[in-house]
>>> print(open('entry-v5.cif').read())   # mmCIF, C-alpha atoms
data_run
#
loop_
_atom_site.group_PDB
_atom_site.id
_atom_site.type_symbol
_atom_site.label_atom_id
_atom_site.label_comp_id
_atom_site.auth_asym_id
_atom_site.auth_seq_id
_atom_site.Cartn_x
_atom_site.Cartn_y
_atom_site.Cartn_z
ATOM 1 C CA MET U 1027 0.000 0.000 0.000
ATOM 2 C CA THR U 1028 1.467 3.371 -0.993
ATOM 3 C CA PRO U 1029 1.606 6.454 1.285
ATOM 4 C CA LYS U 1030 -0.992 8.113 -0.921
ATOM 5 C CA GLN U 1031 -3.448 5.288 -0.277
ATOM 6 C CA HIS U 1032 -2.801 5.527 3.465
ATOM 7 C CA ASN U 1033 -3.974 9.120 3.396
ATOM 8 C CA GLY U 1034 -7.225 8.610 1.542
ATOM 9 C CA GLU U 1035 -8.000 11.565 -0.670
ATOM 10 C CA ARG U 1036 -4.987 13.584 0.521
ATOM 11 C CA SER U 1037 -2.212 12.975 -1.981
ATOM 12 C CA LEU U 1038 1.022 13.890 -0.205
ATOM 13 C CA PRO U 1039 4.296 14.812 -1.906
ATOM 14 C CA LYS U 1040 6.862 12.033 -1.701
ATOM 15 C CA ARG U 1041 9.551 14.452 -0.559
ATOM 16 C CA ILE U 1042 9.907 17.968 0.775
ATOM 17 C CA ILE U 1043 13.466 19.179 0.243
ATOM 18 C CA LEU U 1044 14.890 22.269 1.945
ATOM 19 C CA VAL U 1045 17.831 23.880 0.142
ATOM 20 C CA ARG U 1046 20.043 26.714 1.334
ATOM 21 C CA HIS U 1047 21.284 29.114 -1.358
ATOM 22 C CA GLY U 1048 24.804 28.899 -2.794
ATOM 23 C CA GLU U 1049 27.718 30.944 -1.533
ATOM 24 C CA SER U 1050 26.830 34.624 -1.703
ATOM 25 C CA GLN U 1051 28.987 37.727 -1.835
ATOM 26 C CA GLY U 1052 27.911 38.355 1.768
ATOM 27 C CA ASN U 1053 29.138 34.907 2.832
ATOM 28 C CA LEU U 1054 32.484 35.716 1.236
ATOM 29 C CA ASP U 1055 32.784 39.258 2.584
ATOM 30 C CA THR U 1056 30.388 40.631 5.210
ATOM 31 C CA ALA U 1057 31.356 44.175 4.169
ATOM 32 C CA ALA U 1058 28.999 43.681 1.215
ATOM 33 C CA TYR U 1059 26.039 44.288 3.531
ATOM 34 C CA THR U 1060 27.209 47.853 4.261
ATOM 35 C CA THR U 1061 26.566 49.022 0.693
ATOM 36 C CA THR U 1062 24.165 46.463 -0.787
ATOM 37 C CA PRO U 1063 20.691 45.626 0.580
ATOM 38 C CA ASP U 1064 20.575 42.047 1.869
ATOM 39 C CA TYR U 1065 17.941 40.999 -0.656
ATOM 40 C CA ARG U 1066 20.180 42.122 -3.550
ATOM 41 C CA ILE U 1067 23.309 40.208 -2.484
ATOM 42 C CA PRO U 1068 24.254 37.946 -5.441
ATOM 43 C CA LEU U 1069 25.955 34.576 -5.643
ATOM 44 C CA THR U 1070 29.686 34.275 -6.128
ATOM 45 C CA ARG U 1071 31.067 32.236 -9.024
ATOM 46 C CA ARG U 1072 31.612 29.433 -6.518
ATOM 47 C CA GLY U 1073 27.968 29.790 -5.415
ATOM 48 C CA VAL U 1074 26.820 29.342 -9.009
ATOM 49 C CA GLU U 1075 28.849 26.139 -9.330
ATOM 50 C CA GLN U 1076 27.508 24.898 -5.984
ATOM 51 C CA ALA U 1077 23.941 25.430 -7.189
ATOM 52 C CA ARG U 1078 24.538 23.553 -10.439
ATOM 53 C CA ALA U 1079 26.087 20.647 -8.530
ATOM 54 C CA ALA U 1080 23.178 20.680 -6.049
ATOM 55 C CA GLY U 1081 20.729 20.453 -8.947
ATOM 56 C CA ARG U 1082 22.430 17.309 -10.210
ATOM 57 C CA ARG U 1083 22.437 15.754 -6.729
ATOM 58 C CA ILE U 1084 18.774 16.598 -6.155
ATOM 59 C CA ARG U 1085 17.797 15.156 -9.529
ATOM 60 C CA HIS U 1086 19.620 11.952 -8.553
ATOM 61 C CA VAL U 1087 17.554 11.821 -5.337
ATOM 62 C CA LEU U 1088 14.225 12.471 -7.073
ATOM 63 C CA SER U 1089 14.872 9.908 -9.779
ATOM 64 C CA ASP U 1090 16.014 7.290 -7.235
ATOM 65 C CA GLY U 1091 19.351 7.117 -8.967
ATOM 66 C CA GLY U 1092 17.746 6.995 -12.408
ATOM 67 C CA GLN U 1093 15.397 4.138 -11.541
ATOM 68 C CA ALA U 1094 12.195 6.157 -11.087
ATOM 69 C CA VAL U 1095 10.255 7.232 -14.160
ATOM 70 C CA ASN U 1096 7.134 9.113 -13.041
ATOM 71 C CA TRP U 1097 8.315 11.987 -10.863
ATOM 72 C CA LYS U 1098 7.838 15.732 -10.930
ATOM 73 C CA VAL U 1099 8.925 18.732 -8.888
ATOM 74 C CA TYR U 1100 7.411 21.988 -7.677
ATOM 75 C CA PHE U 1101 9.644 24.833 -6.453
ATOM 76 C CA TYR U 1102 9.147 27.488 -3.792
ATOM 77 C CA VAL U 1103 11.824 30.166 -3.673
ATOM 78 C CA SER U 1104 12.664 33.093 -1.416
ATOM 79 C CA PRO U 1105 12.532 36.431 -3.287
ATOM 80 C CA TYR U 1106 16.175 37.261 -2.478
ATOM 81 C CA GLU U 1107 18.620 37.554 -5.365
ATOM 82 C CA ARG U 1108 20.858 34.744 -4.099
ATOM 83 C CA THR U 1109 17.987 32.270 -3.760
ATOM 84 C CA ARG U 1110 16.493 33.091 -7.159
ATOM 85 C CA LEU U 1111 19.915 32.667 -8.768
ATOM 86 C CA THR U 1112 20.333 29.372 -6.912
ATOM 87 C CA LEU U 1113 16.984 28.210 -8.312
ATOM 88 C CA ARG U 1114 18.015 29.204 -11.824
ATOM 89 C CA GLU U 1115 21.192 27.140 -11.632
ATOM 90 C CA ILE U 1116 19.512 24.168 -9.932
ATOM 91 C CA GLY U 1117 16.884 24.253 -12.666
ATOM 92 C CA ARG U 1118 19.514 23.413 -15.287
ATOM 93 C CA ALA U 1119 19.377 19.812 -14.036
ATOM 94 C CA PHE U 1120 15.675 19.407 -14.885
ATOM 95 C CA SER U 1121 13.759 19.159 -18.134
ATOM 96 C CA LYS U 1122 10.625 21.248 -18.560
ATOM 97 C CA LYS U 1123 8.333 18.228 -18.351
ATOM 98 C CA ARG U 1124 9.582 17.476 -14.817
ATOM 99 C CA ILE U 1125 8.715 20.912 -13.422
ATOM 100 C CA ILE U 1126 5.116 21.359 -12.315
ATOM 101 C CA GLY U 1127 5.604 24.987 -11.356
ATOM 102 C CA VAL U 1128 7.437 27.540 -9.253
ATOM 103 C CA ARG U 1129 6.312 30.201 -6.817
ATOM 104 C CA GLU U 1130 8.153 33.076 -5.181
ATOM 105 C CA GLU U 1131 7.345 32.880 -1.458
ATOM 106 C CA CYS U 1132 8.185 35.892 0.719
ATOM 107 C CA ARG U 1133 7.505 34.031 3.971
ATOM 108 C CA VAL U 1134 10.613 31.840 3.540
ATOM 109 C CA ARG U 1135 12.934 34.834 3.067
ATOM 110 C CA GLU U 1136 16.034 35.494 5.145
ATOM 111 C CA GLN U 1137 15.801 36.703 8.735
ATOM 112 C CA ASP U 1138 15.612 40.499 8.669
ATOM 113 C CA PHE U 1139 18.769 41.966 10.234
ATOM 114 C CA GLY U 1140 17.777 45.591 9.631
ATOM 115 C CA ASN U 1141 18.622 47.683 6.581
ATOM 116 C CA PHE U 1142 22.215 48.492 5.597
ATOM 117 C CA GLN U 1143 24.466 46.707 8.091
ATOM 118 C CA VAL U 1144 27.468 48.397 9.695
ATOM 119 C CA GLU U 1145 30.068 45.650 9.918
ATOM 120 C CA GLU U 1146 31.557 46.412 13.341
ATOM 121 C CA ARG U 1147 28.138 47.079 14.870
ATOM 122 C CA MET U 1148 26.780 43.785 13.550
ATOM 123 C CA LYS U 1149 29.742 41.918 15.019
ATOM 124 C CA VAL U 1150 28.899 43.256 18.476
ATOM 125 C CA ILE U 1151 25.181 42.539 18.003
ATOM 126 C CA LYS U 1152 25.836 38.925 16.982
ATOM 127 C CA GLU U 1153 28.080 38.430 20.007
ATOM 128 C CA THR U 1154 25.182 39.660 22.156
ATOM 129 C CA ARG U 1155 22.873 37.201 20.402
ATOM 130 C CA GLU U 1156 25.118 34.309 21.424
ATOM 131 C CA ARG U 1157 24.760 35.345 25.079
ATOM 132 C CA PHE U 1158 21.032 36.027 24.860
ATOM 133 C CA GLY U 1159 20.014 32.972 22.810
ATOM 134 C CA ARG U 1160 19.569 32.654 19.059
ATOM 135 C CA PHE U 1161 15.839 31.972 18.994
ATOM 136 C CA PHE U 1162 14.460 34.925 20.957
ATOM 137 C CA PHE U 1163 17.113 37.567 20.227
ATOM 138 C CA ARG U 1164 15.669 40.277 17.995
ATOM 139 C CA PHE U 1165 18.010 42.316 15.851
ATOM 140 C CA PRO U 1166 17.533 46.084 16.207
ATOM 141 C CA GLU U 1167 15.167 47.144 13.417
ATOM 142 C CA GLY U 1168 15.006 43.473 12.396
ATOM 143 C CA GLU U 1169 13.614 40.080 13.384
ATOM 144 C CA SER U 1170 14.210 37.302 15.872
ATOM 145 C CA ALA U 1171 14.176 33.641 14.909
ATOM 146 C CA ALA U 1172 10.834 33.533 16.749
ATOM 147 C CA ASP U 1173 9.486 36.106 14.277
ATOM 148 C CA VAL U 1174 10.707 33.960 11.383
ATOM 149 C CA TYR U 1175 9.008 30.955 13.022
ATOM 150 C CA ASP U 1176 5.659 32.781 12.961
ATOM 151 C CA ARG U 1177 5.778 33.566 9.240
ATOM 152 C CA VAL U 1178 7.108 30.113 8.346
ATOM 153 C CA ALA U 1179 4.226 28.592 10.349
ATOM 154 C CA ASN U 1180 1.835 30.744 8.323
ATOM 155 C CA PHE U 1181 3.476 29.527 5.118
ATOM 156 C CA MET U 1182 2.927 25.919 6.218
ATOM 157 C CA GLU U 1183 -0.794 26.543 6.507
ATOM 158 C CA SER U 1184 -0.793 27.696 2.872
ATOM 159 C CA LEU U 1185 1.336 24.686 1.934
ATOM 160 C CA TRP U 1186 -1.228 22.276 3.387
ATOM 161 C CA ARG U 1187 -4.034 24.086 1.543
ATOM 162 C CA ASP U 1188 -2.084 23.744 -1.704
ATOM 163 C CA ILE U 1189 -1.658 20.018 -1.019
ATOM 164 C CA ASP U 1190 -5.329 19.503 -0.174
ATOM 165 C CA MET U 1191 -6.461 21.422 -3.254
ATOM 166 C CA LYS U 1192 -4.030 19.408 -5.437
ATOM 167 C CA ARG U 1193 -2.386 22.558 -6.757
ATOM 168 C CA PHE U 1194 0.760 20.537 -7.464
ATOM 169 C CA GLY U 1195 -1.109 18.364 -9.932
ATOM 170 C CA GLN U 1196 -0.674 15.274 -7.742
ATOM 171 C CA VAL U 1197 -1.788 12.103 -9.473
ATOM 172 C CA ASP U 1198 -1.616 8.537 -8.224
ATOM 173 C CA HIS U 1199 0.888 7.370 -10.822
ATOM 174 C CA SER U 1200 3.375 10.230 -10.362
ATOM 175 C CA ASP U 1201 5.635 11.120 -7.412
ATOM 176 C CA THR U 1202 5.370 14.817 -6.556
ATOM 177 C CA ASN U 1203 8.329 16.478 -4.845
ATOM 178 C CA LEU U 1204 8.469 19.956 -3.290
ATOM 179 C CA ILE U 1205 11.729 21.906 -3.175
ATOM 180 C CA ILE U 1206 11.984 25.013 -1.009
ATOM 181 C CA ILE U 1207 15.027 27.152 -1.826
ATOM 182 C CA SER U 1208 15.561 29.409 1.129
ATOM 183 C CA HIS U 1209 18.077 30.380 3.812
ATOM 184 C CA GLY U 1210 19.808 28.635 6.678
ATOM 185 C CA LEU U 1211 17.720 29.933 9.551
ATOM 186 C CA ALA U 1212 14.413 29.743 7.705
ATOM 187 C CA SER U 1213 15.144 26.096 6.857
ATOM 188 C CA ARG U 1214 15.990 25.217 10.465
ATOM 189 C CA VAL U 1215 12.845 26.959 11.677
ATOM 190 C CA PHE U 1216 10.797 25.051 9.085
ATOM 191 C CA LEU U 1217 12.131 21.763 10.474
ATOM 192 C CA MET U 1218 11.513 22.941 14.026
ATOM 193 C CA LYS U 1219 7.881 23.737 13.289
ATOM 194 C CA TRP U 1220 7.248 20.592 11.220
ATOM 195 C CA PHE U 1221 8.750 18.152 13.707
ATOM 196 C CA LYS U 1222 7.549 20.036 16.800
ATOM 197 C CA TRP U 1223 11.062 20.625 18.143
ATOM 198 C CA SER U 1224 11.425 22.737 21.263
ATOM 199 C CA VAL U 1225 13.413 25.969 21.508
ATOM 200 C CA ASP U 1226 16.213 24.107 23.301
ATOM 201 C CA GLN U 1227 16.313 21.569 20.472
ATOM 202 C CA PHE U 1228 16.419 24.366 17.906
ATOM 203 C CA GLU U 1229 19.382 25.942 19.693
ATOM 204 C CA ARG U 1230 21.309 22.677 19.172
ATOM 205 C CA LEU U 1231 21.036 22.790 15.393
ATOM 206 C CA ASN U 1232 23.952 23.642 13.142
ATOM 207 C CA ASN U 1233 23.359 25.791 10.098
ATOM 208 C CA LEU U 1234 23.171 24.294 6.625
ATOM 209 C CA GLY U 1235 26.192 24.834 4.418
ATOM 210 C CA ASN U 1236 25.789 26.650 1.116
ATOM 211 C CA CYS U 1237 23.625 24.518 -1.208
ATOM 212 C CA GLU U 1238 23.285 21.816 1.419
ATOM 213 C CA PHE U 1239 19.833 20.287 1.494
ATOM 214 C CA ARG U 1240 17.658 18.296 3.879
ATOM 215 C CA VAL U 1241 15.335 15.624 2.493
ATOM 216 C CA MET U 1242 12.080 15.015 4.337
ATOM 217 C CA GLN U 1243 10.725 11.818 2.817
ATOM 218 C CA LEU U 1244 7.292 10.306 3.278
ATOM 219 C CA GLY U 1245 7.266 6.963 5.079
ATOM 220 C CA PRO U 1246 4.796 4.109 4.515
ATOM 221 C CA GLY U 1247 2.687 5.190 7.500
ATOM 222 C CA GLY U 1248 2.176 8.770 6.301
ATOM 223 C CA GLU U 1249 4.859 10.531 8.378
ATOM 224 C CA TYR U 1250 7.761 12.532 6.970
ATOM 225 C CA SER U 1251 11.241 11.749 8.261
ATOM 226 C CA LEU U 1252 14.821 12.883 7.758
ATOM 227 C CA ALA U 1253 16.005 9.364 8.617
ATOM 228 C CA ILE U 1254 14.797 7.755 5.390
ATOM 229 C CA HIS U 1255 17.258 9.511 3.094
ATOM 230 C CA HIS U 1256 19.889 10.668 5.592
ATOM 231 C CA THR U 1257 22.160 8.605 7.854
ATOM 232 C CA ARG U 1258 22.328 8.750 11.632
ATOM 233 C CA GLN U 1259 25.818 10.220 11.315
ATOM 234 C CA GLU U 1260 24.465 13.091 9.214
ATOM 235 C CA LEU U 1261 21.708 13.796 11.747
ATOM 236 C CA GLU U 1262 24.293 13.878 14.537
ATOM 237 C CA GLN U 1263 26.478 16.268 12.541
ATOM 238 C CA TRP U 1264 23.510 18.594 12.107
ATOM 239 C CA GLY U 1265 23.062 18.772 15.886
ATOM 240 C CA LEU U 1266 20.109 16.447 16.464
ATOM 241 C CA SER U 1267 20.116 14.854 19.919
ATOM 242 C CA SER U 1268 19.685 11.113 20.438
ATOM 243 C CA GLU U 1269 16.011 11.709 21.277
ATOM 244 C CA MET U 1270 15.483 13.769 18.111
ATOM 245 C CA ILE U 1271 17.124 11.046 16.034
ATOM 246 C CA ALA U 1272 14.975 8.365 17.696
ATOM 247 C CA ASP U 1273 11.910 10.395 16.736
ATOM 248 C CA GLN U 1274 13.077 10.612 13.106
ATOM 249 C CA GLN U 1275 13.663 6.855 13.028
ATOM 250 C CA TRP U 1276 10.202 6.270 14.472
ATOM 251 C CA ARG U 1277 8.610 8.569 11.891
ATOM 252 C CA ALA U 1278 10.274 6.608 9.076
ATOM 253 C CA THR U 1279 7.967 3.629 9.683
ATOM 254 C CA ALA U 1280 5.260 4.838 12.084
ATOM 255 C CA ASN U 1281 1.554 5.309 11.559
ATOM 256 C CA ARG U 1282 0.173 8.801 12.070
ATOM 257 C CA GLY U 1283 -1.559 9.486 15.371
ATOM 258 C CA ARG U 1284 0.603 7.270 17.620
ATOM 259 C CA TRP U 1285 3.291 9.819 18.446
ATOM 260 C CA ASN U 1286 2.650 10.339 22.190
ATOM 261 C CA GLU U 1287 2.082 6.629 22.699
ATOM 262 C CA ASP U 1288 5.211 5.476 20.888
ATOM 263 C CA CYS U 1289 7.545 8.351 21.855
ATOM 264 C CA PRO U 1290 7.177 8.819 25.626
ATOM 265 C CA TRP U 1291 10.478 10.681 25.821
ATOM 266 C CA TYR U 1292 8.645 13.701 24.346
ATOM 267 C CA LEU U 1293 6.331 13.940 27.381
ATOM 268 C CA ASN U 1294 9.261 13.308 29.714
ATOM 269 C CA SER U 1295 11.028 16.374 28.351
ATOM 270 C CA PHE U 1296 8.234 18.539 29.814
ATOM 271 C CA PHE U 1297 7.497 16.698 33.077
ATOM 272 C CA ASP U 1298 9.591 15.331 35.949
ATOM 273 C CA ASN U 1299 8.868 11.855 37.320
ATOM 274 C CA LEU U 1300 5.777 11.366 35.193
ATOM 275 C CA LYS U 1301 4.081 8.185 36.422
ATOM 276 C CA ASP U 1302 2.302 5.637 34.287
ATOM 277 C CA SER U 1303 -1.466 5.964 34.582
ATOM 278 C CA SER U 1304 -3.515 3.154 36.142
ATOM 279 C CA ASP U 1305 -7.222 2.546 36.048
ATOM 280 C CA GLU U 1306 -7.423 3.699 39.671
ATOM 281 C CA ASP U 1307 -5.595 6.967 38.832
ATOM 282 C CA ASP U 1308 -7.895 7.643 35.898
ATOM 283 C CA SER U 1309 -11.012 7.219 38.015
ATOM 284 C CA ALA U 1310 -9.786 9.484 40.838
#
>>> encode(input="entry-v5.cif", output="structure tokens")
Amino acid sequence: MTPKQHNGERSLPKRIILVRHGESQGNLDTAAYTTTPDYRIPLTRRGVEQARAAGRRIRHVLSDGGQAVNWKVYFYVSPYERTRLTLREIGRAFSKKRIIGVREECRVREQDFGNFQVEERMKVIKETRERFGRFFFRFPEGESAADVYDRVANFMESLWRDIDMKRFGQVDHSDTNLIIISHGLASRVFLMKWFKWSVDQFERLNNLGNCEFRVMQLGPGGEYSLAIHHTRQELEQWGLSSEMIADQQWRATANRGRWNEDCPWYLNSFFDNLKDSSDEDDSA
């Protein structure tokens, strides 16, 4: 039985892939932000090559190493120059018939750090962020990661509506894949929201490298997991704790709706000395 059949009328994408943009001029030299608006920062030549290579690797994933025949892809892209250029170069790996569509999505844009950035001032501000905590620290005239979380959560609501309304042209005989080309923090926040990670768990996460991607793949029980495509070693390198990895492994084969029952460690992370319920306790 396929995942699509498990979900009745809801035809879920086989994969959701999060991609960080290629190396940008700002990654190479932070002084670029003092004269160029963040959204106009372009890719470097190396960033262009990274994006082309990422396109080939992603195509290999979607085609199951060339074995799959009926697969298609839909792109979401941040409106920033570096993400749009990354999309353009990734797109070289795909024929027109494989691409269902593409949409510019402002809600997956980079965290707002303010307008033109004074290099020395930003260095001090980022040092303060490390002391305060990455998730709740708000940049002056900019955003916190918590602010990014709110707009990414709103984007997810739209994503589910698009899925339910079959706006990706999902059909039973074709594997639909979604690719979201975004930024490091927005991608980590997306994973945090999707997998219900806590703030402490978010703080553990390492950023994606330029043109690195994370593959969320649909398991036979209707849950998405990072552990289907990626190895345990990769998950550890990204900063996932043993409990977070156990959850990903569970999701790879689990049936939807059994999360609290099968993953008691999640409840234990909120409560101390939580006792097992008995019939007598329940009737008290």
>>> resolve_selection(input="entry-v5.cif", expression="the PyMOL selection byres ((chain U and resi 1085) around 12)", output="PyMOL selection string")
chain U and resi 1043+1078-1084+1086-1095+1097-1099+1116-1121+1124-1125+1203+1205
>>> resolve_selection(input="entry-v5.cif", expression="the PyMOL selection byres ((chain U and resi 1278-1281) around 7)", output="PyMOL selection string")
chain U and resi 1245-1251+1253-1254+1274-1277+1282-1284
>>> resolve_selection(input="entry-v5.cif", expression="the PyMOL selection byres ((chain U and resi 1075) around 10)", output="PDB file with C-alpha atoms, in the frame of the given file")
ATOM      1  CA  GLY U1048      24.804  28.899  -2.794  1.00  0.00           C
ATOM      2  CA  GLU U1049      27.718  30.944  -1.533  1.00  0.00           C
ATOM      3  CA  LEU U1069      25.955  34.576  -5.643  1.00  0.00           C
ATOM      4  CA  THR U1070      29.686  34.275  -6.128  1.00  0.00           C
ATOM      5  CA  ARG U1071      31.067  32.236  -9.024  1.00  0.00           C
ATOM      6  CA  ARG U1072      31.612  29.433  -6.518  1.00  0.00           C
ATOM      7  CA  GLY U1073      27.968  29.790  -5.415  1.00  0.00           C
ATOM      8  CA  VAL U1074      26.820  29.342  -9.009  1.00  0.00           C
ATOM      9  CA  GLN U1076      27.508  24.898  -5.984  1.00  0.00           C
ATOM     10  CA  ALA U1077      23.941  25.430  -7.189  1.00  0.00           C
ATOM     11  CA  ARG U1078      24.538  23.553 -10.439  1.00  0.00           C
ATOM     12  CA  ALA U1079      26.087  20.647  -8.530  1.00  0.00           C
ATOM     13  CA  ALA U1080      23.178  20.680  -6.049  1.00  0.00           C
ATOM     14  CA  GLY U1081      20.729  20.453  -8.947  1.00  0.00           C
ATOM     15  CA  THR U1112      20.333  29.372  -6.912  1.00  0.00           C
ATOM     16  CA  GLU U1115      21.192  27.140 -11.632  1.00  0.00           C
ATOM     17  CA  ILE U1116      19.512  24.168  -9.932  1.00  0.00           C
ATOM     18  CA  CYS U1237      23.625  24.518  -1.208  1.00  0.00           C
TER      19      CYS U1237
END
>>> closest_residue(input="entry-v5.cif", among="U:Cys1132, U:Asp1201, U:His1047, U:Val1103", to="U:Leu1244", atoms="only C-alpha atoms")
U:Asp1201
>>> atom_distance(input="entry-v5.cif", atom1="atom CA of U:Val1215", atom2="atom CA of U:Glu1262")
17.6 Å
>>> closest_residue(input="entry-v5.cif", among="U:Gln1243, U:Gln1259, U:Asn1053, U:Thr1061", to="U:Leu1204", atoms="all atoms listed in the file")
U:Gln1243
